[in-house]
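Trainee: Sending over a structure as structure tokens; questions will come in a sec.
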Amino acid sequence: RMAEDGKEDNFLMKPCLCGIKMVEEGCTLLRRMEICVAEAEKRSGKNAVNMQETFTVYLIETRPMDALNEGRNPAPDSLWRRYSEFELLRNYLIVTYPYIVVPPLPEKRAEFVWHKLSADNMDPDFVERRRVGLENFLLRVASHPVLSNDKILYHFLTEEHGWKEVVYETGFQAKVLQIFTSAKEVIRFMEMKHYSDELQSHTSQLLRARARVADRLYGVYKVHGNYGRVFSEWSAIEKEMGDGLQSAGHHMDAYAASIDDILEEEEHYADQLKEYLFYAEALRAVCRKHELTQFELEMASQDLISKKQQREELATGIVRTFSFKGMTNKLFGQEAPEQREARLKLLEELIAEGEDTVKEKTVECEEHVERAWVDMQRFKEQKDKDLREALINYAVMQISMCKKGIQVWGNAKECFLKM
Amino acid sequence: SRRQMLVVDVPVLGVFSLVQNTSLADGGPMPNSPSSLVNQYRLEEEEEQPGADAKDFFITVDNPESHVTAIETFIMYRVVTKTTRSEFDSSEYEVRRRYQDFLWLRGRLEESHPTLIVHPLPEKFVMKGMVERFNDGFIETRRKALHRFLNKISEHPVLSYSQHFKVFLTAQELTSHRKQGPGFLSRMGETVRAVANSVRGLRSRPEEFSVMQEYVDHFSTKICSVDKVTQRIIKEQREYLDELRQYGPTYTQWAELEEDLAEPLKGVADCVERCSQETEEQIQQLSEVLVPALHEYVLCAETLKAVMRRRDNIQAEFEAKNEALASRKADQDAEEVDGLAERVEVANTTLKEDWSRWQKAMRTDLRSALISTTEKNVDYYEKVSLAMVCSQ
């Protein structure tokens, strides 16, 4: 099948994604091979549990660069792959090259949609965007100085059938376990963490500002108490104004005194907010626990991987990675077969234990996020109810304070009117 | 006793016959009939402001404009006078006056009527917190005070008939008038005499004036205290307002994080905002109504003290000459002593009259300012309360 002219031109025109690298550093695969994801098609078939399903397949086309450079235009080799196979390739790469930032795939499902209509994975626009994304992925991987050398990648691009078996034979899955989590889980966890941080920040800011306001309001009320004293003294020298000033003075004293009760009541409101400030801390603790569990899982996984590698080395005698044991063996000669057997046996036991540990931790992680999410919803409901009530009470308190103010100043006015 | 009798009964007609007979430095025409004057005076004794027909002056001070000369920069104010007084050739005048002109007028009024209580002028310089002399707020405050000054003079039964007052309101060019009349030297002479007399001390001050003196001293302290307390309240309110402005937004920001809780949070934020606006208005009322009124009477207290000193000096001068006459020293003229005795009588009587008038005005003015403050505060709480209710 021929690629569309437009696409071909586009590819040649389009600067290679690591364009400069390709020329200068000599990225291997992409220099040897032109790659593109030409088309997409709907297929239906039976899946693993024998159910009928519809899915999309993508056409990968490759052509040798030498031919193109010589001006020839040979027909491309091509094969069909579905999204799950791309995923498998990527997972393999992540596990095999854990130190490499592996290029991402486009979305599996349409998330963050603006229009409900395009939540459909079969939507032509979505499929087209995905095709572009998959091509982008392949170009990036094929131009990566390390990843592009991988045999599995090459097979992915060239051998339609039996590729999956080859991948599984690498045994990479032993290393996979739960090092990656689903997008939904990640998002949920991040949301929780973000919310708890924000809640803590906002409540503490509010409480601080409220305390400062209360402090200032206290000052305003108390200074009015001076009016009480001065009016009283002044009333002593006045005839007509005397009574009025004296009684107004008393009201000013009452006004100044009233702030104590008002602020005392407000402390209850502050306490209600403080409770949720501390709740936020508790939320954060849940998030930290999740992170801790994740960490433990990763440690267990790493440990298991390393033990499996050791077993492989012992069994085959081939040293894949650098290790001190390997070096000492080379320097001082290999050990006796009996010792090797013993070590192998021990390793097998440890590996079995390790696998159990990893399974446990995985379940723990999953359950933790799931349960935390559920409790989070409960917490939110409780918080909304409690704080709504607290805010209403606060407003009621303020109204009551205003009523007192109206009364005092109304009374003072009466005193002055009588002067 | 807490209350002290300060008002002294004085026959009204008697005052003005005395005034007519004494030669004043002031050369102005006196009112034609004592009875018409009595009616006017009686109206002023009522608690309410004299009705529109009793008021025969409408004076405004406005339109401050900067004047630049080679030597100095100063502000000129526009003074517009509308009057029904027959002594004035026209019924309407417009002149431009500077602060120094007001100072001149007041000086002449005090000089002509040493024991009348002449309303104070705003201060020459403002001590605290002012960097620029011609700051807009400063000019406006001064303008209002100058306006009040002229209106107070125009309402005074004696001062409003002053020739100097008329000249101030009507003459296009004031500088020529400012050079006439008893000048610098005579004022110097008076000051020297006053100092000499004060060294001597008074024989005996009449009881009623001792009482008055005591009142003046106490009043001065009290009114200063009230002024200070009010300024302090303004300061506290301003700081409260600053904090409120930080407080409201904490609710708004939190609301952005929430869903169901966003609405009540925003409600509280709005209330706090409302509170801020109302507090700002409160501060404005205090600064523009209560403080100026209190401050005016702080200055009045100083005026009262000066008036009392001048009265004492008049008495002291008479006593000195009288003693000299009695001890037959150095050719003391008996007629001169009689003149001085009468001068003391006039001084005392005019002061007593004006004292009662002043007290009434003081009560009216301060009462009004205090009531206005209480009304504003009630209004404040009503508005804030309403906002809270709505937010629920």
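As shown in the structure tokens, the chain order sets the letters A, B, ...; within each chain, residues go from 1, and ligands are also counted from 1 in the order they appear.
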So that I can check the surroundings of Met308 (chain B), please list as a ChimeraX atom specification every protein, DNA and RNA residue that reaches within 9 Å of it, counting only C-alpha atoms and ignoring chain neighbours fewer than 2 positions away.
Mentor: /B:115,209,212-213,216,303-306,310-313,351
Trainee: Just need the residues of chain A within 7 Å of chain B, counting only C-alpha atoms, so spit them out as a ChimeraX atom specification.
Mentor: /A:202,205-206,209-210,212-213,216-217,219-220,223,226-227,230,234,236-239,384,388,391-392,395,399,402,405-406,409-410,412-413,416
Trainee: For the residues selected in the previous step, produce a file with N, CA, C and O atoms as a tab-separated table (two decimals), in the first residue's frame.
Mentor:
chain	number	residue	atom	x	y	z
A	202	HIS	N	-5.45	27.98	52.68
A	202	HIS	CA	-6.53	28.96	52.75
A	202	HIS	C	-7.05	29.14	54.17
A	202	HIS	O	-7.30	30.26	54.62
A	205	GLN	N	-4.51	31.12	56.23
A	205	GLN	CA	-4.51	32.55	55.85
A	205	GLN	C	-5.71	33.27	56.42
A	205	GLN	O	-5.61	34.38	56.94
A	206	LEU	N	-6.86	32.60	56.30
A	206	LEU	CA	-8.10	33.20	56.79
A	206	LEU	C	-8.01	33.43	58.29
A	206	LEU	O	-8.35	34.51	58.79
A	209	ALA	N	-5.71	36.37	59.14
A	209	ALA	CA	-6.30	37.66	58.82
A	209	ALA	C	-7.42	38.01	59.80
A	209	ALA	O	-7.55	39.15	60.24
A	210	ARG	N	-8.21	37.00	60.17
A	210	ARG	CA	-9.31	37.23	61.10
A	210	ARG	C	-8.78	37.70	62.44
A	210	ARG	O	-9.34	38.61	63.06
A	212	ARG	N	-6.05	39.33	63.03
A	212	ARG	CA	-5.59	40.71	62.92
A	212	ARG	C	-6.75	41.69	62.92
A	212	ARG	O	-6.68	42.76	63.54
A	213	VAL	N	-7.81	41.31	62.22
A	213	VAL	CA	-9.01	42.17	62.19
A	213	VAL	C	-9.57	42.31	63.59
A	213	VAL	O	-9.92	43.41	64.03
A	216	ARG	N	-7.61	44.73	65.69
A	216	ARG	CA	-7.86	46.13	65.34
A	216	ARG	C	-9.22	46.60	65.83
A	216	ARG	O	-9.38	47.73	66.30
A	217	LEU	N	-10.20	45.72	65.67
A	217	LEU	CA	-11.56	46.08	66.10
A	217	LEU	C	-11.57	46.31	67.60
A	217	LEU	O	-12.22	47.23	68.10
A	219	GLY	N	-9.17	47.48	69.33
A	219	GLY	CA	-8.60	48.82	69.53
A	219	GLY	C	-9.63	49.91	69.32
A	219	GLY	O	-9.74	50.84	70.13
A	220	VAL	N	-10.41	49.79	68.24
A	220	VAL	CA	-11.43	50.81	67.95
A	220	VAL	C	-12.41	50.93	69.10
A	220	VAL	O	-12.69	52.02	69.61
A	223	VAL	N	-10.85	52.37	72.45
A	223	VAL	CA	-10.54	53.80	72.43
A	223	VAL	C	-11.80	54.63	72.72
A	223	VAL	O	-11.72	55.70	73.34
A	226	ASN	N	-12.42	55.99	76.08
A	226	ASN	CA	-11.87	57.28	76.50
A	226	ASN	C	-12.90	58.39	76.44
A	226	ASN	O	-12.88	59.32	77.25
A	227	TYR	N	-13.78	58.26	75.45
A	227	TYR	CA	-14.89	59.22	75.38
A	227	TYR	C	-15.66	59.20	76.71
A	227	TYR	O	-16.06	60.24	77.24
A	230	VAL	N	-13.71	61.17	79.32
A	230	VAL	CA	-13.62	62.61	79.03
A	230	VAL	C	-14.99	63.29	79.08
A	230	VAL	O	-15.11	64.39	79.64
A	234	TRP	N	-15.95	66.34	81.43
A	234	TRP	CA	-16.45	67.56	80.80
A	234	TRP	C	-17.83	67.93	81.35
A	234	TRP	O	-18.12	69.09	81.61
A	236	ALA	N	-18.88	67.74	84.15
A	236	ALA	CA	-18.78	68.38	85.48
A	236	ALA	C	-18.75	69.90	85.39
A	236	ALA	O	-19.14	70.59	86.32
A	237	ILE	N	-18.24	70.44	84.29
A	237	ILE	CA	-18.15	71.90	84.18
A	237	ILE	C	-19.30	72.52	83.39
A	237	ILE	O	-19.37	73.74	83.24
A	238	GLU	N	-20.16	71.68	82.85
A	238	GLU	CA	-21.25	72.21	82.03
A	238	GLU	C	-22.57	72.22	82.78
A	238	GLU	O	-22.81	71.42	83.66
A	239	LYS	N	-23.42	73.16	82.37
A	239	LYS	CA	-24.73	73.24	83.01
A	239	LYS	C	-25.75	72.51	82.15
A	239	LYS	O	-26.14	71.39	82.44
A	384	ASP	N	-18.36	20.38	53.89
A	384	ASP	CA	-19.29	21.36	53.32
A	384	ASP	C	-20.42	21.67	54.29
A	384	ASP	O	-20.79	22.83	54.48
A	388	ARG	N	-20.48	25.34	56.12
A	388	ARG	CA	-21.62	26.16	55.73
A	388	ARG	C	-22.33	26.66	56.98
A	388	ARG	O	-22.67	27.84	57.11
A	391	LEU	N	-20.25	29.33	58.74
A	391	LEU	CA	-20.30	30.63	58.07
A	391	LEU	C	-21.62	31.34	58.35
A	391	LEU	O	-21.65	32.56	58.54
A	392	ILE	N	-22.68	30.57	58.36
A	392	ILE	CA	-23.98	31.18	58.66
A	392	ILE	C	-23.99	31.73	60.08
A	392	ILE	O	-24.44	32.85	60.33
A	395	ALA	N	-22.24	34.98	60.29
A	395	ALA	CA	-23.06	36.09	59.82
A	395	ALA	C	-24.05	36.50	60.92
A	395	ALA	O	-24.26	37.69	61.18
A	399	ILE	N	-24.47	40.13	62.76
A	399	ILE	CA	-25.75	40.86	62.82
A	399	ILE	C	-26.04	41.28	64.26
A	399	ILE	O	-26.47	42.41	64.52
A	402	CYS	N	-24.00	44.17	65.20
A	402	CYS	CA	-24.54	45.39	64.61
A	402	CYS	C	-25.72	45.91	65.41
A	402	CYS	O	-25.85	47.11	65.64
A	405	GLY	N	-24.55	47.72	68.31
A	405	GLY	CA	-24.00	49.01	67.90
A	405	GLY	C	-25.08	50.03	67.64
A	405	GLY	O	-24.99	51.18	68.08
A	406	ILE	N	-26.14	49.58	66.95
A	406	ILE	CA	-27.25	50.49	66.66
A	406	ILE	C	-27.86	51.00	67.95
A	406	ILE	O	-28.17	52.19	68.10
A	409	TRP	N	-25.35	53.54	69.86
A	409	TRP	CA	-25.23	54.85	69.22
A	409	TRP	C	-26.56	55.58	69.15
A	409	TRP	O	-26.60	56.81	69.19
A	410	GLY	N	-27.64	54.82	69.05
A	410	GLY	CA	-28.96	55.43	69.12
A	410	GLY	C	-29.18	56.08	70.48
A	410	GLY	O	-29.67	57.21	70.57
A	412	ALA	N	-26.82	57.10	72.52
A	412	ALA	CA	-25.92	58.26	72.63
A	412	ALA	C	-26.54	59.47	71.93
A	412	ALA	O	-26.48	60.59	72.43
A	413	LYS	N	-27.15	59.18	70.79
A	413	LYS	CA	-27.80	60.27	70.04
A	413	LYS	C	-28.89	60.92	70.89
A	413	LYS	O	-28.99	62.15	70.97
A	416	PHE	N	-27.43	63.26	73.37
A	416	PHE	CA	-26.99	64.53	72.78
A	416	PHE	C	-28.17	65.40	72.38
A	416	PHE	O	-28.12	66.63	72.48
Trainee: What separation in Å, quoted to one decimal, exists between CA of Glu240 (chain A) and CA of Lys144 (chain B)?
Mentor: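 Distance reported for this atom pair: 28.4 Å.
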Trainee: Hey, what's within 12 Å of Asn69 (chain A) if we count only C-alpha atoms and toss same-chain stuff fewer than 2 positions away? As a VMD selection string, please?
Mentor: chain A and resid 12 31 to 34 63 to 67 71 to 74
Trainee: Any chance you could export the current selection's all heavy atoms as a compact mmCIF listing (two decimals), in the first residue's frame?
Mentor:
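Final output, part-v4.txt:
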# COMPACT_ATOMS: atom_id res chain seq x y z
N LEU A 12 8.65 14.23 4.58
CA LEU A 12 9.96 14.70 4.13
C LEU A 12 10.17 16.17 4.47
O LEU A 12 11.25 16.58 4.85
CB LEU A 12 10.10 14.50 2.62
CG LEU A 12 10.28 13.05 2.18
CD1 LEU A 12 10.21 12.93 0.67
CD2 LEU A 12 11.60 12.49 2.69
N ARG A 31 17.67 6.98 10.66
CA ARG A 31 18.54 7.32 9.52
C ARG A 31 18.47 6.22 8.47
O ARG A 31 18.64 6.47 7.29
CB ARG A 31 19.97 7.48 10.00
CG ARG A 31 20.65 8.67 9.32
CD ARG A 31 22.02 8.87 9.84
NE ARG A 31 22.84 7.69 9.57
CZ ARG A 31 24.18 7.71 9.59
NH1 ARG A 31 24.80 8.82 9.87
NH2 ARG A 31 24.85 6.61 9.36
N ARG A 32 18.23 5.03 8.95
CA ARG A 32 18.19 3.92 8.01
C ARG A 32 16.81 3.71 7.42
O ARG A 32 16.63 3.10 6.39
CB ARG A 32 18.62 2.63 8.71
CG ARG A 32 20.13 2.60 8.98
CD ARG A 32 20.55 1.22 9.48
NE ARG A 32 20.20 1.02 10.87
CZ ARG A 32 19.40 0.04 11.30
NH1 ARG A 32 18.82 -0.78 10.46
NH2 ARG A 32 19.14 -0.09 12.58
N MET A 33 15.81 4.24 8.15
CA MET A 33 14.47 3.85 7.79
C MET A 33 13.48 5.00 7.91
O MET A 33 13.50 5.74 8.89
CB MET A 33 14.06 2.73 8.75
CG MET A 33 12.70 2.14 8.54
SD MET A 33 12.29 1.12 9.95
CE MET A 33 12.87 -0.44 9.41
N GLU A 34 12.66 5.13 6.90
CA GLU A 34 11.59 6.12 6.97
C GLU A 34 10.37 5.45 7.58
O GLU A 34 9.99 4.35 7.16
CB GLU A 34 11.26 6.60 5.57
CG GLU A 34 10.12 7.59 5.52
CD GLU A 34 9.55 7.70 4.11
OE1 GLU A 34 8.74 6.82 3.72
OE2 GLU A 34 9.93 8.65 3.41
N ARG A 63 10.18 2.38 4.90
CA ARG A 63 10.93 2.28 3.65
C ARG A 63 12.40 2.53 3.96
O ARG A 63 12.72 3.35 4.83
CB ARG A 63 10.47 3.33 2.65
CG ARG A 63 9.08 3.05 2.09
CD ARG A 63 8.79 3.81 0.84
NE ARG A 63 8.73 5.25 1.04
CZ ARG A 63 8.48 6.12 0.06
NH1 ARG A 63 8.29 5.67 -1.16
NH2 ARG A 63 8.47 7.42 0.29
N PRO A 64 13.28 1.83 3.24
CA PRO A 64 14.71 2.04 3.51
C PRO A 64 15.17 3.40 3.01
O PRO A 64 14.82 3.82 1.90
CB PRO A 64 15.39 0.91 2.74
CG PRO A 64 14.41 0.50 1.70
CD PRO A 64 13.05 0.80 2.22
N MET A 65 15.94 4.08 3.82
CA MET A 65 16.40 5.43 3.50
C MET A 65 17.36 5.46 2.32
O MET A 65 17.37 6.41 1.55
CB MET A 65 17.09 6.07 4.71
CG MET A 65 16.13 6.64 5.73
SD MET A 65 14.92 7.78 5.04
CE MET A 65 15.69 9.33 5.37
N ASP A 66 18.20 4.38 2.19
CA ASP A 66 19.16 4.36 1.09
C ASP A 66 18.44 4.52 -0.23
O ASP A 66 18.87 5.29 -1.08
CB ASP A 66 19.98 3.08 1.01
CG ASP A 66 20.13 2.41 2.36
OD1 ASP A 66 20.06 3.14 3.38
OD2 ASP A 66 20.31 1.19 2.39
N ALA A 67 17.37 3.75 -0.36
CA ALA A 67 16.61 3.79 -1.61
C ALA A 67 16.10 5.20 -1.87
O ALA A 67 16.21 5.73 -2.97
CB ALA A 67 15.45 2.81 -1.54
N GLY A 71 17.04 8.30 -4.77
CA GLY A 71 16.04 8.83 -5.68
C GLY A 71 14.99 7.82 -6.10
O GLY A 71 14.06 8.13 -6.84
N ARG A 72 15.13 6.59 -5.63
CA ARG A 72 14.12 5.59 -5.96
C ARG A 72 12.89 5.77 -5.09
O ARG A 72 12.94 6.43 -4.04
CB ARG A 72 14.68 4.18 -5.78
CG ARG A 72 15.70 3.81 -6.87
CD ARG A 72 16.19 2.39 -6.70
NE ARG A 72 17.24 2.31 -5.71
CZ ARG A 72 17.20 1.43 -4.68
NH1 ARG A 72 16.17 0.61 -4.54
NH2 ARG A 72 18.19 1.38 -3.81
N ASN A 73 11.82 5.19 -5.50
CA ASN A 73 10.57 5.33 -4.76
C ASN A 73 9.92 3.96 -4.57
O ASN A 73 8.90 3.66 -5.18
CB ASN A 73 9.63 6.27 -5.52
CG ASN A 73 8.53 6.82 -4.62
OD1 ASN A 73 8.62 6.71 -3.40
ND2 ASN A 73 7.52 7.38 -5.23
N PRO A 74 10.56 3.12 -3.77
CA PRO A 74 10.03 1.76 -3.64
C PRO A 74 8.73 1.74 -2.85
O PRO A 74 8.42 2.66 -2.10
CB PRO A 74 11.14 1.04 -2.85
CG PRO A 74 11.79 2.13 -2.06
CD PRO A 74 11.69 3.37 -2.87
Trainee: Find the spatial neighbours of Ala145 (chain B), counting only C-alpha atoms, within a cut-off of 7 Å - ignore same-chain residues fewer than 4 positions away - and output them as a PyMOL selection string.
Mentor: chain B and resi 121-122+141+149
Trainee: Could those residues be written to a file, using all heavy atoms, as a JSON list (two decimals), in the first residue's frame?
Mentor:
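For reference, out.json as written:
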[["chain", "number", "residue", "atom", "x", "y", "z"],
["B", 121, "LEU", "N", -9.48, 81.88, 63.74],
["B", 121, "LEU", "CA", -9.17, 81.51, 62.37],
["B", 121, "LEU", "C", -8.48, 80.16, 62.37],
["B", 121, "LEU", "O", -7.91, 79.76, 63.40],
["B", 121, "LEU", "CB", -8.23, 82.55, 61.74],
["B", 121, "LEU", "CG", -8.88, 83.83, 61.22],
["B", 121, "LEU", "CD1", -7.82, 84.82, 60.81],
["B", 121, "LEU", "CD2", -9.77, 83.50, 60.01],
["B", 122, "PRO", "N", -8.48, 79.45, 61.23],
["B", 122, "PRO", "CA", -7.69, 78.22, 61.17],
["B", 122, "PRO", "C", -6.22, 78.56, 61.37],
["B", 122, "PRO", "O", -5.81, 79.69, 61.09],
["B", 122, "PRO", "CB", -7.95, 77.68, 59.75],
["B", 122, "PRO", "CG", -8.39, 78.87, 58.98],
["B", 122, "PRO", "CD", -9.13, 79.74, 59.94],
["B", 141, "THR", "N", -9.69, 72.23, 53.98],
["B", 141, "THR", "CA", -9.97, 72.39, 55.40],
["B", 141, "THR", "C", -9.91, 73.86, 55.78],
["B", 141, "THR", "O", -10.76, 74.38, 56.50],
["B", 141, "THR", "CB", -8.94, 71.61, 56.25],
["B", 141, "THR", "OG1", -8.82, 70.29, 55.74],
["B", 141, "THR", "CG2", -9.33, 71.57, 57.70],
["B", 149, "PHE", "N", -15.61, 81.22, 59.74],
["B", 149, "PHE", "CA", -15.17, 82.43, 60.44],
["B", 149, "PHE", "C", -16.00, 83.63, 60.02],
["B", 149, "PHE", "O", -16.57, 84.34, 60.86],
["B", 149, "PHE", "CB", -13.68, 82.67, 60.15],
["B", 149, "PHE", "CG", -13.19, 84.02, 60.58],
["B", 149, "PHE", "CD1", -12.94, 84.29, 61.91],
["B", 149, "PHE", "CD2", -12.98, 85.03, 59.64],
["B", 149, "PHE", "CE1", -12.49, 85.55, 62.31],
["B", 149, "PHE", "CE2", -12.52, 86.28, 60.03],
["B", 149, "PHE", "CZ", -12.28, 86.54, 61.37]]
Trainee: Which distance in Å separates CA of Ile94 (chain A) and CA of Leu30 (chain A), to one decimal?
Mentor: 19.9 Å
Trainee: What separation in Å, quoted to one decimal, exists between CA of Asp62 (chain B) and CA of Arg143 (chain B)?
Mentor: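 Interatomic distance, CA of Asp62 (chain B) to CA of Arg143 (chain B): 6.7 Å.
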Trainee: Applying 8 Å and only C-alpha atoms, which residues near Glu265 (chain A) remain after dropping the ones on its own chain fewer than 4 positions away? List them as an MDAnalysis selection string.
Mentor: chainID A and resid 261 269 397
Trainee: Take the residues from that selection and put them in a file with all heavy atoms, as a PDB file, in the first residue's frame.
Mentor:
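Okay, out_25.pdb is ready:
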ATOM      1  N   ASP A 261     -17.162  40.433  74.825  1.00  0.00           N
ATOM      2  CA  ASP A 261     -18.075  39.319  74.559  1.00  0.00           C
ATOM      3  C   ASP A 261     -18.138  38.991  73.080  1.00  0.00           C
ATOM      4  O   ASP A 261     -18.173  37.824  72.686  1.00  0.00           O
ATOM      5  CB  ASP A 261     -19.487  39.644  75.061  1.00  0.00           C
ATOM      6  CG  ASP A 261     -19.584  39.514  76.570  1.00  0.00           C
ATOM      7  OD1 ASP A 261     -18.688  38.883  77.158  1.00  0.00           O
ATOM      8  OD2 ASP A 261     -20.556  40.041  77.152  1.00  0.00           O
ATOM      9  N   TYR A 269     -16.140  30.509  66.312  1.00  0.00           N
ATOM     10  CA  TYR A 269     -16.089  30.430  64.852  1.00  0.00           C
ATOM     11  C   TYR A 269     -14.677  30.060  64.405  1.00  0.00           C
ATOM     12  O   TYR A 269     -14.476  29.187  63.573  1.00  0.00           O
ATOM     13  CB  TYR A 269     -16.515  31.771  64.268  1.00  0.00           C
ATOM     14  CG  TYR A 269     -16.268  31.931  62.792  1.00  0.00           C
ATOM     15  CD1 TYR A 269     -16.961  31.173  61.850  1.00  0.00           C
ATOM     16  CD2 TYR A 269     -15.342  32.864  62.330  1.00  0.00           C
ATOM     17  CE1 TYR A 269     -16.740  31.337  60.500  1.00  0.00           C
ATOM     18  CE2 TYR A 269     -15.123  33.030  60.971  1.00  0.00           C
ATOM     19  CZ  TYR A 269     -15.821  32.266  60.060  1.00  0.00           C
ATOM     20  OH  TYR A 269     -15.602  32.426  58.721  1.00  0.00           O
ATOM     21  N   MET A 397     -23.669  36.171  64.106  1.00  0.00           N
ATOM     22  CA  MET A 397     -22.880  36.874  65.131  1.00  0.00           C
ATOM     23  C   MET A 397     -22.681  38.327  64.762  1.00  0.00           C
ATOM     24  O   MET A 397     -22.810  39.234  65.592  1.00  0.00           O
ATOM     25  CB  MET A 397     -21.494  36.228  65.221  1.00  0.00           C
ATOM     26  CG  MET A 397     -21.314  35.253  66.316  1.00  0.00           C
ATOM     27  SD  MET A 397     -19.599  34.678  66.266  1.00  0.00           S
ATOM     28  CE  MET A 397     -19.828  33.005  65.784  1.00  0.00           C
TER      29      MET A 397
END
Trainee: As a list in words, please: the residues near Asn149 (chain A) (cut-off 8 Å, only C-alpha atoms, same-chain neighbours under 3 positions excluded).
Mentor: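 Final neighbour list, sorted by chain and number: Thr28, Leu29, Pro145, Val146 and Leu153 of chain A.
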Trainee: Determine which residues of region 65-114 of chain A receive a DSSP assignment of strand (DSSP E), computed from the backbone, and state them as a PyMOL selection string.
Mentor: chain A and resi 77-82
Trainee: With N, CA, C and O atoms retained, write the just-selected residues as a PDB file, in the first residue's frame.
Mentor:
ATOM      1  N   ASP A  77       7.124  -1.257   3.095  1.00  0.00           N
ATOM      2  CA  ASP A  77       6.651  -2.415   3.851  1.00  0.00           C
ATOM      3  C   ASP A  77       5.673  -1.895   4.858  1.00  0.00           C
ATOM      4  O   ASP A  77       5.822  -0.770   5.363  1.00  0.00           O
ATOM      5  N   SER A  78       4.673  -2.726   5.164  1.00  0.00           N
ATOM      6  CA  SER A  78       3.691  -2.218   6.124  1.00  0.00           C
ATOM      7  C   SER A  78       3.100  -3.321   6.971  1.00  0.00           C
ATOM      8  O   SER A  78       3.145  -4.497   6.594  1.00  0.00           O
ATOM      9  N   LEU A  79       2.597  -2.940   8.093  1.00  0.00           N
ATOM     10  CA  LEU A  79       1.865  -3.854   8.951  1.00  0.00           C
ATOM     11  C   LEU A  79       0.872  -3.057   9.797  1.00  0.00           C
ATOM     12  O   LEU A  79       1.000  -1.830   9.933  1.00  0.00           O
ATOM     13  N   TRP A  80      -0.107  -3.801  10.298  1.00  0.00           N
ATOM     14  CA  TRP A  80      -1.136  -3.166  11.130  1.00  0.00           C
ATOM     15  C   TRP A  80      -0.856  -3.416  12.608  1.00  0.00           C
ATOM     16  O   TRP A  80      -0.537  -4.521  12.992  1.00  0.00           O
ATOM     17  N   ARG A  81      -1.022  -2.372  13.408  1.00  0.00           N
ATOM     18  CA  ARG A  81      -0.891  -2.544  14.873  1.00  0.00           C
ATOM     19  C   ARG A  81      -2.046  -1.832  15.542  1.00  0.00           C
ATOM     20  O   ARG A  81      -2.509  -0.787  15.087  1.00  0.00           O
ATOM     21  N   ARG A  82      -2.483  -2.372  16.636  1.00  0.00           N
ATOM     22  CA  ARG A  82      -3.487  -1.655  17.416  1.00  0.00           C
ATOM     23  C   ARG A  82      -2.836  -0.974  18.615  1.00  0.00           C
ATOM     24  O   ARG A  82      -1.675  -1.252  18.948  1.00  0.00           O
TER      25      ARG A  82
END
